[in-house]
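Asker: One file: start_2.cif (mmCIF, C-alpha atoms and all ligand atoms).
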data_work
loop_
_atom_site.label_atom_id
_atom_site.label_comp_id
_atom_site.auth_asym_id
_atom_site.auth_seq_id
_atom_site.Cartn_x
_atom_site.Cartn_y
_atom_site.Cartn_z
CA MET A 27 10.22 1.73 13.96
CA ASN A 28 8.16 -0.75 15.86
CA THR A 29 7.91 -4.44 16.25
CA PRO A 30 4.22 -4.83 15.54
CA THR A 31 2.42 -7.88 16.73
CA ASP A 32 -1.25 -7.30 16.17
CA ARG A 33 -1.54 -4.97 13.19
CA SER A 34 -2.18 -7.54 10.48
CA ASP A 35 -5.05 -5.30 9.36
CA LEU A 36 -2.90 -2.63 7.72
CA GLY A 37 -4.44 -3.25 4.36
CA THR A 38 -6.88 -5.75 3.02
CA GLY A 39 -7.01 -7.61 -0.20
CA ALA A 40 -9.08 -6.23 -3.02
CA ARG A 41 -12.78 -6.66 -2.49
CA ASP A 42 -15.10 -8.96 -4.37
CA SER A 43 -17.95 -6.52 -4.42
CA GLY A 44 -17.72 -3.13 -6.05
CA PRO A 45 -16.82 -0.17 -3.90
CA THR A 46 -19.48 2.08 -2.45
CA GLU A 47 -19.57 5.26 -4.51
CA ARG A 48 -19.04 8.14 -2.16
CA PRO A 49 -16.87 11.20 -2.49
CA ALA A 50 -13.32 11.11 -1.19
CA THR A 51 -12.99 13.30 1.84
CA ASN A 52 -10.47 14.21 4.47
CA ASP A 53 -12.94 13.35 7.24
CA ALA A 54 -11.45 11.43 10.10
CA VAL A 55 -12.17 7.76 9.57
CA GLY A 56 -9.01 6.26 11.06
CA THR A 57 -8.13 5.97 14.70
CA ASP A 58 -5.87 8.28 16.67
CA ALA A 59 -3.36 5.48 16.47
CA ASP A 60 -3.12 5.91 12.69
CA ALA A 61 -1.13 8.70 11.04
CA LEU A 62 -2.69 7.96 7.64
CA THR A 63 -5.78 5.95 6.77
CA ILE A 64 -6.92 5.23 3.23
CA THR A 65 -10.24 3.43 2.99
CA ASP A 66 -11.85 1.90 -0.07
CA LEU A 67 -10.01 4.22 -2.44
CA VAL A 68 -11.06 3.97 -6.08
CA LYS A 69 -9.54 5.88 -8.99
CA ARG A 70 -10.37 5.08 -12.60
CA PHE A 71 -8.23 6.06 -15.59
CA ASP A 72 -9.02 4.93 -19.14
CA ASP A 73 -6.72 1.90 -18.95
CA PHE A 74 -6.26 1.42 -15.22
CA THR A 75 -8.33 1.23 -12.06
CA LEU A 76 -7.18 1.57 -8.50
CA GLU A 77 -9.69 -0.75 -6.89
CA GLY A 78 -10.80 -0.43 -3.28
CA ILE A 79 -7.44 0.30 -1.65
CA ASP A 80 -7.41 0.06 2.16
CA LEU A 81 -4.17 1.06 3.82
CA GLN A 82 -3.16 2.35 7.24
CA VAL A 83 0.07 3.85 8.47
CA PRO A 84 -0.02 3.53 12.27
CA ARG A 85 1.73 6.18 14.32
CA GLY A 86 5.30 5.11 15.01
CA TYR A 87 5.49 2.74 12.04
CA VAL A 88 7.22 2.66 8.67
CA VAL A 89 4.96 1.13 6.03
CA GLY A 90 6.49 0.13 2.70
CA LEU A 91 4.37 0.31 -0.44
CA VAL A 92 5.74 -1.98 -3.14
CA GLY A 93 4.60 -3.27 -6.50
CA ALA A 94 5.57 -3.54 -10.13
CA ASN A 95 5.66 -0.57 -12.51
CA GLY A 96 2.14 0.66 -13.07
CA SER A 97 0.64 -1.15 -10.07
CA GLY A 98 -0.76 2.11 -8.67
CA LYS A 99 1.70 3.26 -5.99
CA THR A 100 2.08 6.85 -7.23
CA THR A 101 -1.66 7.16 -7.87
CA THR A 102 -2.38 6.00 -4.31
CA ILE A 103 0.11 8.50 -2.90
CA GLY A 104 -1.19 11.24 -5.22
CA CYS A 105 -4.73 10.66 -3.93
CA ALA A 106 -3.50 10.73 -0.31
CA LEU A 107 -1.76 14.06 -0.91
CA GLY A 108 -4.64 15.62 -2.85
CA LEU A 109 -2.60 15.75 -6.06
CA VAL A 110 -4.92 13.27 -7.78
CA VAL A 111 -8.69 13.51 -7.41
CA PRO A 112 -10.02 10.14 -6.23
CA GLY A 113 -13.19 8.64 -7.68
CA SER A 114 -14.35 7.51 -4.24
CA GLY A 115 -13.07 6.45 -0.87
CA THR A 116 -11.93 8.23 2.27
CA ILE A 117 -8.53 9.60 3.18
CA ASP A 118 -7.60 10.66 6.69
CA ILE A 119 -4.32 12.55 6.62
CA PRO A 120 -2.80 15.22 8.91
CA PRO A 121 -2.82 18.87 7.78
CA MET A 122 -0.30 19.29 4.99
CA ASP A 123 2.05 21.46 7.06
CA ARG A 124 2.56 18.34 9.22
CA VAL A 125 3.30 16.07 6.25
CA GLY A 126 6.76 15.88 4.66
CA VAL A 127 6.82 14.77 1.05
CA VAL A 128 9.48 13.39 -1.28
CA LEU A 129 8.15 12.74 -4.76
CA ASP A 130 9.60 10.95 -7.74
CA SER A 131 9.60 14.21 -9.71
CA HIS A 132 10.23 17.36 -7.73
CA TYR A 133 8.24 20.57 -7.84
CA PHE A 134 11.14 23.04 -7.38
CA VAL A 135 11.82 26.00 -9.68
CA PRO A 136 15.02 24.96 -11.53
CA TRP A 137 16.88 28.27 -11.22
CA TRP A 138 16.28 28.55 -7.46
CA THR A 139 19.00 27.62 -5.00
CA PRO A 140 18.44 25.76 -1.70
CA THR A 141 18.51 29.19 -0.03
CA SER A 142 15.86 30.76 -2.27
CA LEU A 143 13.84 27.54 -1.96
CA GLU A 144 13.93 27.92 1.82
CA ASN A 145 12.75 31.53 1.57
CA ALA A 146 9.84 30.45 -0.64
CA VAL A 147 8.56 27.48 1.37
CA ARG A 148 9.34 28.56 4.94
CA PRO A 149 6.27 30.86 5.38
CA PHE A 150 3.99 27.84 4.87
CA TYR A 151 5.50 25.88 7.75
CA PRO A 152 5.14 27.28 11.30
CA ARG A 153 7.57 24.69 12.69
CA TRP A 154 10.30 25.30 10.06
CA SER A 155 13.83 25.03 11.52
CA PRO A 156 16.57 26.86 9.55
CA GLU A 157 19.16 25.06 11.69
CA ARG A 158 17.76 21.63 10.83
CA TYR A 159 17.58 22.55 7.12
CA ARG A 160 21.22 23.76 7.07
CA SER A 161 22.47 20.73 8.97
CA LEU A 162 20.65 18.35 6.60
CA LEU A 163 22.10 20.17 3.58
CA VAL A 164 25.58 19.77 5.08
CA ARG A 165 24.86 16.08 5.86
CA PHE A 166 23.72 15.56 2.24
CA GLY A 167 26.65 17.51 0.74
CA ILE A 168 24.40 20.11 -0.93
CA LYS A 169 25.73 23.69 -1.19
CA THR A 170 23.22 26.42 -0.37
CA GLY A 171 24.13 28.49 -3.46
CA THR A 172 23.92 25.79 -6.16
CA LYS A 173 21.06 26.14 -8.64
CA ILE A 174 18.61 23.24 -8.36
CA GLN A 175 18.96 22.58 -12.10
CA ASP A 176 22.66 21.87 -11.48
CA LEU A 177 22.01 19.25 -8.80
CA SER A 178 22.09 15.55 -9.68
CA ARG A 179 18.86 13.57 -9.39
CA GLY A 180 20.12 11.99 -6.19
CA GLN A 181 20.96 15.41 -4.72
CA THR A 182 17.52 16.70 -5.68
CA MET A 183 15.88 13.78 -3.87
CA ARG A 184 17.97 14.57 -0.80
CA LEU A 185 17.10 18.28 -1.09
CA GLN A 186 13.43 17.28 -1.04
CA LEU A 187 14.10 15.22 2.09
CA ALA A 188 15.87 18.19 3.73
CA VAL A 189 12.83 20.42 3.00
CA ALA A 190 10.46 17.69 4.21
CA LEU A 191 12.31 17.23 7.51
CA ALA A 192 13.07 20.92 8.13
CA HIS A 193 9.41 21.63 8.81
CA ASP A 194 9.22 18.97 11.52
CA PRO A 195 6.50 16.74 10.05
CA ASP A 196 4.61 14.00 11.87
CA LEU A 197 4.22 11.93 8.72
CA LEU A 198 6.65 11.44 5.85
CA ILE A 199 5.32 10.27 2.49
CA LEU A 200 8.09 9.12 0.17
CA ASP A 201 7.50 8.06 -3.43
CA GLU A 202 10.53 6.23 -4.85
CA PRO A 203 12.90 8.42 -2.83
CA THR A 204 15.98 6.24 -3.31
CA SER A 205 15.57 5.43 -7.00
CA GLY A 206 18.27 7.86 -8.18
CA LEU A 207 20.75 7.14 -5.43
CA ASP A 208 23.87 4.99 -5.42
CA PRO A 209 24.06 2.29 -2.71
CA LEU A 210 26.05 4.49 -0.32
CA ALA A 211 23.66 7.42 -0.71
CA ARG A 212 20.68 5.03 -0.30
CA ASP A 213 22.13 3.85 2.97
CA GLY A 214 22.55 7.45 4.10
CA PHE A 215 18.95 8.21 3.10
CA VAL A 216 17.64 5.22 5.04
CA ASP A 217 19.73 6.29 8.06
CA VAL A 218 18.03 9.71 8.00
CA ILE A 219 14.61 7.99 7.99
CA ALA A 220 15.74 5.80 10.89
CA ASP A 221 16.76 8.95 12.81
CA PHE A 222 13.34 10.47 12.08
CA MET A 223 11.70 7.35 13.49
CA THR A 224 13.45 7.65 16.86
CA ASP A 225 10.49 9.88 17.76
CA GLU A 226 7.65 7.40 18.34
CA SER A 227 4.99 9.85 17.19
CA HIS A 228 6.51 9.89 13.68
CA SER A 229 5.36 7.69 10.79
CA VAL A 230 6.45 6.98 7.24
CA LEU A 231 4.79 5.69 4.06
CA PHE A 232 7.65 4.64 1.76
CA SER A 233 6.97 3.57 -1.83
CA THR A 234 9.90 1.89 -3.56
CA HIS A 235 11.09 -0.70 -6.04
CA ILE A 236 14.20 -1.25 -3.98
CA THR A 237 12.91 -3.72 -1.47
CA ALA A 238 16.35 -4.07 0.16
CA ASP A 239 15.75 -0.59 1.60
CA LEU A 240 12.44 -1.74 3.07
CA GLU A 241 13.98 -4.84 4.62
CA LYS A 242 16.19 -2.45 6.60
CA ILE A 243 13.50 -0.10 7.80
CA ALA A 244 9.86 -1.07 7.15
CA ASP A 245 7.69 -2.53 9.91
CA HIS A 246 4.95 -3.42 7.46
CA VAL A 247 4.74 -3.97 3.74
CA VAL A 248 1.73 -3.46 1.47
CA VAL A 249 2.08 -5.10 -1.94
CA LEU A 250 0.07 -3.56 -4.78
CA ALA A 251 -0.55 -5.54 -7.94
CA ASP A 252 -2.68 -4.32 -10.82
CA GLY A 253 -4.38 -1.61 -8.77
CA ARG A 254 -5.26 -3.83 -5.79
CA VAL A 255 -3.75 -4.69 -2.44
CA ALA A 256 -2.38 -8.18 -3.14
CA ALA A 257 -0.70 -8.74 0.23
CA THR A 258 -0.13 -6.92 3.46
CA ALA A 259 1.71 -7.99 6.58
CA SER A 260 4.54 -7.13 8.86
CA THR A 261 7.82 -7.42 6.94
CA ALA A 262 8.93 -10.34 9.08
CA ASP A 263 5.56 -12.14 8.73
CA LEU A 264 5.54 -11.66 4.97
CA ILE A 265 8.96 -13.28 4.68
CA GLU A 266 7.76 -16.04 7.03
CA GLN A 267 4.56 -16.64 5.03
CA TYR A 268 6.35 -17.61 1.81
CA ARG A 269 9.02 -20.03 0.65
CA LEU A 270 11.07 -20.11 -2.52
CA VAL A 271 10.83 -23.59 -4.06
CA ARG A 272 13.31 -24.99 -6.59
CA GLY A 273 13.51 -28.33 -8.32
CA GLY A 274 14.57 -30.23 -11.43
CA PRO A 275 12.41 -30.45 -14.58
CA ASP A 276 11.09 -33.91 -13.62
CA GLU A 277 9.89 -32.70 -10.23
CA LEU A 278 7.46 -30.10 -11.60
CA THR A 279 4.10 -31.81 -10.97
CA ASP A 280 0.67 -30.49 -11.98
CA GLU A 281 0.04 -29.67 -8.30
CA LEU A 282 3.19 -27.55 -8.15
CA ARG A 283 2.37 -25.90 -11.44
CA ALA A 284 -1.05 -24.92 -10.11
CA THR A 285 0.22 -23.81 -6.72
CA LEU A 286 3.47 -21.93 -7.30
CA LEU A 287 3.28 -18.17 -7.71
CA GLY A 288 5.44 -16.61 -10.40
CA LEU A 289 6.59 -20.03 -11.69
CA ARG A 290 9.77 -19.70 -13.76
CA GLU A 291 10.91 -22.69 -15.82
CA HIS A 292 14.41 -22.99 -17.23
CA PRO A 293 16.42 -25.79 -18.91
CA VAL A 294 17.65 -27.27 -15.63
CA GLY A 295 14.52 -26.91 -13.56
CA PHE A 296 12.02 -24.47 -12.09
CA GLU A 297 11.61 -21.89 -9.35
CA GLY A 298 8.49 -20.41 -7.77
CA LEU A 299 6.99 -18.98 -4.62
CA ALA A 300 4.76 -21.04 -2.34
CA ARG A 301 2.90 -20.48 0.91
CA SER A 302 5.06 -21.80 3.76
CA GLY A 303 2.52 -24.46 4.78
CA ASP A 304 2.35 -25.86 1.25
CA ALA A 305 6.12 -25.79 0.74
CA ASP A 306 6.84 -27.60 3.99
CA SER A 307 4.80 -30.60 2.80
CA TRP A 308 6.78 -31.09 -0.42
CA GLY A 309 9.73 -33.37 0.17
CA GLY A 310 12.78 -33.55 -2.08
CA LEU A 311 12.61 -29.99 -3.33
CA VAL A 312 14.91 -27.14 -2.39
CA VAL A 313 12.91 -24.86 -0.09
CA GLU A 314 14.43 -21.56 1.02
CA ALA A 315 13.40 -18.35 2.77
CA PRO A 316 12.79 -15.80 0.00
CA SER A 317 13.93 -12.20 -0.08
CA LEU A 318 11.27 -9.50 0.01
CA ASP A 319 12.08 -8.85 -3.64
CA GLN A 320 11.34 -12.48 -4.59
CA ILE A 321 8.04 -12.29 -2.69
CA VAL A 322 6.97 -9.10 -4.46
CA VAL A 323 7.89 -10.52 -7.88
CA GLY A 324 6.11 -13.82 -7.13
CA ILE A 325 2.93 -12.10 -5.93
CA ALA A 326 2.93 -9.65 -8.86
CA LYS A 327 3.37 -12.48 -11.39
CA GLY A 328 0.73 -14.55 -9.60
CA VAL A 329 -1.81 -11.72 -9.88
CA ALA A 330 -0.90 -11.13 -13.53
CA SER A 331 -1.25 -14.80 -14.58
N1 LIG B 1 -3.20 10.94 -15.33
C1 LIG B 1 -3.30 9.69 -15.79
N2 LIG B 1 -4.09 9.41 -16.83
C2 LIG B 1 -4.23 8.15 -17.29
N3 LIG B 1 -3.60 7.09 -16.75
C3 LIG B 1 -2.80 7.32 -15.70
C4 LIG B 1 -2.61 8.62 -15.16
N4 LIG B 1 -1.76 8.52 -14.10
C5 LIG B 1 -1.44 7.22 -14.00
N5 LIG B 1 -2.06 6.50 -14.94
C6 LIG B 1 -1.96 5.06 -15.13
O1 LIG B 1 -2.20 4.45 -13.90
C7 LIG B 1 -1.40 3.27 -13.79
C8 LIG B 1 -0.70 3.29 -12.44
O2 LIG B 1 0.28 4.30 -12.47
P1 LIG B 1 1.13 4.65 -11.18
O3 LIG B 1 2.07 5.74 -11.59
O4 LIG B 1 0.23 4.89 -10.05
O5 LIG B 1 1.92 3.29 -10.93
P2 LIG B 1 3.23 3.04 -10.07
O6 LIG B 1 3.00 1.77 -9.33
O7 LIG B 1 3.58 4.24 -9.28
O8 LIG B 1 4.29 2.81 -11.22
P3 LIG B 1 5.88 3.10 -11.24
O9 LIG B 1 6.48 2.13 -10.28
O10 LIG B 1 6.26 2.83 -12.65
O11 LIG B 1 6.09 4.54 -10.83
C9 LIG B 1 -0.47 3.24 -14.98
O12 LIG B 1 -1.00 2.33 -15.92
C10 LIG B 1 -0.55 4.64 -15.51
O13 LIG B 1 -0.39 4.67 -16.90
#
Please rewrite the model in this file as structure tokens.
Answerer:
Amino acid sequence: MNTPTDRSDLGTGARDSGPTERPATNDAVGTDADALTITDLVKRFDDFTLEGIDLQVPRGYVVGLVGANGSGKTTTIGCALGLVVPGSGTIDIPPMDRVGVVLDSHYFVPWWTPTSLENAVRPFYPRWSPERYRSLLVRFGIKTGTKIQDLSRGQTMRLQLAVALAHDPDLLILDEPTSGLDPLARDGFVDVIADFMTDESHSVLFSTHITADLEKIADHVVVLADGRVAATASTADLIEQYRLVRGGPDELTDELRATLLGLREHPVGFEGLARSGDADSWGGLVVEAPSLDQIVVGIAKGVAS
């Protein structure tokens, strides 16, 4: 994990003009400093469009990808991994034997065991370490002889992580990896990612709804809303850029109503997200530092309204 100072360009907001139609390729378009570069990615489904996504994962960084259900996180990751065919855009990603993947739904044969799984996947990974695999299984409390269909969802996510790390990847791509885990297991999962990041050449793209996990580990956050990049910044900057504003019913002026993101009114007052500069100029209101979760919700509601 890094303390980035000058990488405010990790993603850009959605573009005004339409994207240039060109085929998605794996040609190198990023810099050597980037482990993953997605440029101007477009994917159209009948009822949804991923619109001009730009996103970089610099080497040595953990980038969190957050957004509401259906905002396009899995589609973005699917395009990056070649599981979804993009409409246009460019994707620069390392060879797949150098990318570790944990997906929301796993691809394992249910009646295999962790041992038979190892035998099946190991030939594809020149850097596979049986010792690392076994030690991760022990760390995760997974027995080598248990059928995958008999593992809990949380154990299956951890088995995916063990496979991903056993082949010594440079880049980890994680799609909702902690969604089935209890708080203790989530902590353990995040600790394993932190260990992985002690090597400065490693990088992680981490999609999640559980922003508390990102606050612990992500250097940068990219917020997707309705198929577009709605915000991108270092985690600390993002929290610094916004304020949570609260007040009584009589204090909700037209200016506030027009300015606050994700405005929520209730019988005893209102709550909404404001840019720090705006919030600092409003006297008399309760102004607090928001959590990452409150920022994501505010931005998502702001885009939707
Ligand atoms: N194969 C498909 N055909 C048609 N629509 C699709 C397909 N895959 C995804 N979509 C649509 O694309 C949109 C974005 O889905 P996606 O899974 O990328 O979102 P997400 O942010 O990962 O959501 P969640 O947090 O719920 O997993 C959704 O409206 C979904 O219905």
Asker: Could you give me the residues within 10 Å of ligand LIG 1 (chain B), counting all atoms listed in the file, as a ChimeraX atom specification?
Answerer: /A:69-76,91-105,110-111,130,201-202,233-235,250-253
Asker: Could you save those same residues with C-alpha atoms as a PDB file, in the coordinates of the input?
Answerer:
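That gives us result_31.pdb:
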ATOM      1  CA  LYS A  69      -9.540   5.880  -8.990  1.00  0.00           C
ATOM      2  CA  ARG A  70     -10.370   5.080 -12.600  1.00  0.00           C
ATOM      3  CA  PHE A  71      -8.230   6.060 -15.590  1.00  0.00           C
ATOM      4  CA  ASP A  72      -9.020   4.930 -19.140  1.00  0.00           C
ATOM      5  CA  ASP A  73      -6.720   1.900 -18.950  1.00  0.00           C
ATOM      6  CA  PHE A  74      -6.260   1.420 -15.220  1.00  0.00           C
ATOM      7  CA  THR A  75      -8.330   1.230 -12.060  1.00  0.00           C
ATOM      8  CA  LEU A  76      -7.180   1.570  -8.500  1.00  0.00           C
ATOM      9  CA  LEU A  91       4.370   0.310  -0.440  1.00  0.00           C
ATOM     10  CA  VAL A  92       5.740  -1.980  -3.140  1.00  0.00           C
ATOM     11  CA  GLY A  93       4.600  -3.270  -6.500  1.00  0.00           C
ATOM     12  CA  ALA A  94       5.570  -3.540 -10.130  1.00  0.00           C
ATOM     13  CA  ASN A  95       5.660  -0.570 -12.510  1.00  0.00           C
ATOM     14  CA  GLY A  96       2.140   0.660 -13.070  1.00  0.00           C
ATOM     15  CA  SER A  97       0.640  -1.150 -10.070  1.00  0.00           C
ATOM     16  CA  GLY A  98      -0.760   2.110  -8.670  1.00  0.00           C
ATOM     17  CA  LYS A  99       1.700   3.260  -5.990  1.00  0.00           C
ATOM     18  CA  THR A 100       2.080   6.850  -7.230  1.00  0.00           C
ATOM     19  CA  THR A 101      -1.660   7.160  -7.870  1.00  0.00           C
ATOM     20  CA  THR A 102      -2.380   6.000  -4.310  1.00  0.00           C
ATOM     21  CA  ILE A 103       0.110   8.500  -2.900  1.00  0.00           C
ATOM     22  CA  GLY A 104      -1.190  11.240  -5.220  1.00  0.00           C
ATOM     23  CA  CYS A 105      -4.730  10.660  -3.930  1.00  0.00           C
ATOM     24  CA  VAL A 110      -4.920  13.270  -7.780  1.00  0.00           C
ATOM     25  CA  VAL A 111      -8.690  13.510  -7.410  1.00  0.00           C
ATOM     26  CA  ASP A 130       9.600  10.950  -7.740  1.00  0.00           C
ATOM     27  CA  ASP A 201       7.500   8.060  -3.430  1.00  0.00           C
ATOM     28  CA  GLU A 202      10.530   6.230  -4.850  1.00  0.00           C
ATOM     29  CA  SER A 233       6.970   3.570  -1.830  1.00  0.00           C
ATOM     30  CA  THR A 234       9.900   1.890  -3.560  1.00  0.00           C
ATOM     31  CA  HIS A 235      11.090  -0.700  -6.040  1.00  0.00           C
ATOM     32  CA  LEU A 250       0.070  -3.560  -4.780  1.00  0.00           C
ATOM     33  CA  ALA A 251      -0.550  -5.540  -7.940  1.00  0.00           C
ATOM     34  CA  ASP A 252      -2.680  -4.320 -10.820  1.00  0.00           C
ATOM     35  CA  GLY A 253      -4.380  -1.610  -8.770  1.00  0.00           C
TER      36      GLY A 253
END
Asker: Rounded to one decimal, what separation in Å do you get between atom CA of Val230 of chain A and atom CA of His132 of chain A?
Answerer: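 Computed distance, atom CA of Val230 of chain A to atom CA of His132 of chain A, equals 18.6 Å.
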Asker: What's the 6 Å shell around Gly78 of chain A, counting only C-alpha atoms, without same-chain residues fewer than 5 positions away, as a PyMOL selection string?
Answerer: chain A and resi 66-68
Asker: For Arg290 of chain A, which residue among A:Pro195, A:Gly113, A:Pro136, A:Pro275 is the nearest when counting only C-alpha atoms?
Answerer: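 Selected residue with least distance to Arg290 of chain A: A:Pro275.
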Asker: Please, what distance in Å, to one decimal, runs between atom CA of Gly86 of chain A and atom CA of Ala262 of chain A?
Answerer: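 Atom-to-atom, atom CA of Gly86 of chain A and atom CA of Ala262 of chain A are spaced 16.9 Å apart.
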